[in-house]
Amino acid sequence: MAEKDSTTTPTEYIAHHLTNLTFGKRPDGSWGFANSAEEVAQMGFWSVHVDSLAWAVGLGLVFLLMFWFAARRATAGVPGMFQSAIEAIVEFVDTTTKDIFPHKNPWVAPMGLTILIWVFLMNLMDLVPVDWVPNIFRYWLGIEYMKIVPTTNVSVTLGVAIGVFFIVIYYSFKRKGPGGFLAELAFHPFPKFAAPVNFVLESVTLLAKPVSLALRLFGNLYAGEMIFMLIAILYSAGFALFVLGGVLQIAWALFHILVIVLQAFIFMVLSTVYIAQAYEVPEEDGH
Amino acid sequence: MVNFWTVIGISVAFTAFVVICRAYIWPPLINAMRARQERIAQGLENAERAEEALAKSNADAEVLLRDARAEGQRVIEQARAQATMVVEESKDQAREEGERILTAARAEITQEINRARESLRQEVAYLAVVGASRILSSEIDRRKHSAMLENLVREL
């Protein structure tokens, strides 16, 4: 399972596995894919992680196709096995979002479903042994870097969280009006004379929502992937450690099944909670 | 660490996925599920109603059957009584008819005897006259002696 190149040190191995396939502007001014971790660093903020983006969009399309396939044949008649499985998920999302978000809104439940399944599928890639896909790309297709778990990339989790954040902002304005939204930011938790302080505090609270969403998912999956890599290193370190690595990988993968489902669920629930908070119109006298 | 175009790309993709899910995936699924729920509820209700109807018609059928049985019993008894009556009547009629025929036959017999007796009497009177005339060897005037002959006939 470990690198076939015996000259690779564990540090290089991990660094290689943590490098994205990155497209951006090189220091010499040309555009192209980065050939090393240093080049990735030089490309900096204004680049794109092609691997994460491609896997994320691809898995999103898998989600859409799977559910569209079920939706296309959905009737009130007797459902098949696949239909029942899809409907069980839809039912679960419907009841969960209704519990958290009691208002009438046609967007919240589909958003919850999208987050749950999309994030789950992205997390699921973490269970694919860490060397399989990168080695296929490296030795067969000549592509040096390939990170297949989009949610171990903080840009991806932040991208989803920002999508949720804009929905929260939109409904805050829509429900409370610009004045009401500003008042909510400025007049709590202290009385009105401390409006600037309140505004800073509440803005941080507001911004903490997408940041915490993004970092929670990223942290969990990044740590999980890192442990899979450390286990993978054991495979090339002698027979005893090979066996230990096998046992550890199975154990960690079993535990990780729980983590990937739970993190997808938490992302969905918290997104719904934030939108529900945006919907809440405070009473006249405040509280 | 964070890189701009990945974040933007994912945000755009997320928005697109939510829009597609909202437009083409969520409504057909949830509508089909609600429709099925409705159908199942309707079916259960129908089954309950059918069960009630069945119980009611069973009870009705039992009442009808009991009435019919009683009616049948009554008809049979009536028929039996009527039959007995008819038989009795026929017997009486037959007896009367027989007696009538018997009486008529007896009367005829009596008449027949009388008739025979009469003709016998006349035959005897004729024979007596013929015999007497032969014995007396003389002609007896039938007209002169008719009174006497009458008497003789009556005495026979």
# chains A, B, ... in the order shown; residues from 1 in each chain; ligands from 1
>>> closest_atom_pairs(of="chain A", to="chain B", cutoff="7 Å", atoms="only C-alpha atoms", output="JSON lines")
{"residue": "A:Gly44", "atom": "CA", "partner": "B:Asn3", "partner_atom": "CA", "distance": 6.9}
{"residue": "A:Phe45", "atom": "CA", "partner": "B:Asn3", "partner_atom": "CA", "distance": 4.4}
{"residue": "A:Trp46", "atom": "CA", "partner": "B:Phe4", "partner_atom": "CA", "distance": 5.4}
{"residue": "A:Ser47", "atom": "CA", "partner": "B:Asn3", "partner_atom": "CA", "distance": 6.0}
{"residue": "A:Val48", "atom": "CA", "partner": "B:Thr6", "partner_atom": "CA", "distance": 5.0}
{"residue": "A:His49", "atom": "CA", "partner": "B:Thr6", "partner_atom": "CA", "distance": 5.8}
{"residue": "A:Leu53", "atom": "CA", "partner": "B:Thr6", "partner_atom": "CA", "distance": 6.2}
{"residue": "A:Val57", "atom": "CA", "partner": "B:Ala13", "partner_atom": "CA", "distance": 6.6}
{"residue": "A:Phe67", "atom": "CA", "partner": "B:Ile25", "partner_atom": "CA", "distance": 6.3}
{"residue": "A:Trp68", "atom": "CA", "partner": "B:Ile25", "partner_atom": "CA", "distance": 5.4}
{"residue": "A:Ala71", "atom": "CA", "partner": "B:Leu29", "partner_atom": "CA", "distance": 5.2}
{"residue": "A:Ala74", "atom": "CA", "partner": "B:Ala32", "partner_atom": "CA", "distance": 5.8}
{"residue": "A:Thr75", "atom": "CA", "partner": "B:Ala32", "partner_atom": "CA", "distance": 5.1}
{"residue": "A:Ala76", "atom": "CA", "partner": "B:Arg36", "partner_atom": "CA", "distance": 4.2}
{"residue": "A:Gly77", "atom": "CA", "partner": "B:Arg36", "partner_atom": "CA", "distance": 6.6}
{"residue": "A:Trp107", "atom": "CA", "partner": "B:Arg22", "partner_atom": "CA", "distance": 6.4}
{"residue": "A:Pro110", "atom": "CA", "partner": "B:Arg22", "partner_atom": "CA", "distance": 5.3}
{"residue": "A:Met111", "atom": "CA", "partner": "B:Val18", "partner_atom": "CA", "distance": 5.3}
{"residue": "A:Thr114", "atom": "CA", "partner": "B:Val18", "partner_atom": "CA", "distance": 6.0}
{"residue": "A:Val154", "atom": "CA", "partner": "B:Val2", "partner_atom": "CA", "distance": 6.3}
{"residue": "A:Ser155", "atom": "CA", "partner": "B:Val7", "partner_atom": "CA", "distance": 5.0}
{"residue": "A:Val156", "atom": "CA", "partner": "B:Val7", "partner_atom": "CA", "distance": 5.8}
{"residue": "A:Leu158", "atom": "CA", "partner": "B:Val7", "partner_atom": "CA", "distance": 6.3}
{"residue": "A:Gly159", "atom": "CA", "partner": "B:Val7", "partner_atom": "CA", "distance": 4.2}
{"residue": "A:Val160", "atom": "CA", "partner": "B:Ser11", "partner_atom": "CA", "distance": 5.5}
{"residue": "A:Ile162", "atom": "CA", "partner": "B:Ser11", "partner_atom": "CA", "distance": 6.6}
{"residue": "A:Gly163", "atom": "CA", "partner": "B:Ser11", "partner_atom": "CA", "distance": 5.1}
>>> atom_distance(atom1="atom CA of Ala223 of chain A", atom2="atom CA of Val149 of chain A")
12.1 Å
>>> closest_residue(among="A:Asp51, A:Val261, A:Ala214, A:Glu39", to="Phe137 of chain A", atoms="only C-alpha atoms")
A:Asp51
>>> closest_residue(among="B:Arg100, B:Arg66, B:Arg106, B:Arg154", to="Glu118 of chain B", atoms="only C-alpha atoms")
B:Arg154
>>> select_by_dssp(residues="segment 70-265 of chain A", states="helix (DSSP H, G or I)", output="ChimeraX atom specification")
/A:70-72,81-100,108-127,132-140,150-152,154-186,192-234,239-265
>>> residues_around(residues="Tyr126 of chain B", least_positions_apart="3", cutoff="12 Å", atoms="only C-alpha atoms", output="CSV table (one decimal) with N, CA and C atoms, in the first residue's frame")
chain,number,residue,atom,x,y,z
B,119,SER,N,-144.8,-60.2,-13.9
B,119,SER,CA,-144.9,-61.0,-15.1
B,119,SER,C,-145.2,-62.5,-14.8
B,120,LEU,N,-144.6,-63.0,-13.7
B,120,LEU,CA,-144.8,-64.3,-13.3
B,120,LEU,C,-146.3,-64.6,-13.0
B,121,ARG,N,-146.8,-63.6,-12.3
B,121,ARG,CA,-148.2,-63.7,-11.9
B,121,ARG,C,-149.1,-63.8,-13.2
B,122,GLN,N,-148.8,-62.9,-14.2
B,122,GLN,CA,-149.6,-62.9,-15.4
B,122,GLN,C,-149.4,-64.3,-16.1
B,123,GLU,N,-148.2,-64.7,-16.2
B,123,GLU,CA,-147.9,-66.0,-16.8
B,123,GLU,C,-148.7,-67.1,-16.2
B,129,VAL,N,-155.7,-70.3,-16.9
B,129,VAL,CA,-156.9,-70.3,-17.8
B,129,VAL,C,-156.8,-71.4,-18.8
B,130,VAL,N,-155.6,-71.5,-19.4
B,130,VAL,CA,-155.4,-72.5,-20.4
B,130,VAL,C,-155.7,-73.9,-19.9
B,131,GLY,N,-155.1,-74.1,-18.7
B,131,GLY,CA,-155.3,-75.4,-18.0
B,131,GLY,C,-156.8,-75.7,-17.7
B,132,ALA,N,-157.5,-74.7,-17.2
B,132,ALA,CA,-158.8,-74.9,-16.8
B,132,ALA,C,-159.7,-75.2,-18.0
B,133,SER,N,-159.4,-74.4,-19.1
B,133,SER,CA,-160.2,-74.6,-20.3
B,133,SER,C,-160.0,-76.0,-20.9
B,142,ARG,N,-163.5,-65.3,-22.5
B,142,ARG,CA,-162.5,-64.5,-21.9
B,142,ARG,C,-163.1,-63.2,-21.3
B,146,SER,N,-163.6,-62.5,-17.2
B,146,SER,CA,-162.3,-61.8,-16.9
B,146,SER,C,-162.3,-61.3,-15.4
B,149,LEU,N,-161.0,-64.1,-13.4
B,149,LEU,CA,-159.6,-64.3,-13.7
B,149,LEU,C,-158.7,-63.3,-13.0
B,150,GLU,N,-159.3,-62.1,-13.0
B,150,GLU,CA,-158.6,-61.0,-12.3
B,150,GLU,C,-158.4,-61.4,-10.8
B,152,LEU,N,-158.4,-64.3,-9.6
B,152,LEU,CA,-157.4,-65.4,-9.5
B,152,LEU,C,-156.0,-64.9,-9.5
B,153,VAL,N,-155.8,-64.0,-10.5
B,153,VAL,CA,-154.4,-63.5,-10.7
B,153,VAL,C,-154.0,-62.8,-9.4
B,156,LEU,N,-152.8,-65.0,-6.6
B,156,LEU,CA,-151.5,-65.7,-6.9
B,156,LEU,C,-150.4,-65.0,-6.2
>>> residues_around(residues="Glu225 of chain A", least_positions_apart="6", cutoff="10 Å", atoms="only C-alpha atoms", output="MDAnalysis selection string")
chainID A and resid 17:18 123 125:127 129:130 149 152 219 231 256
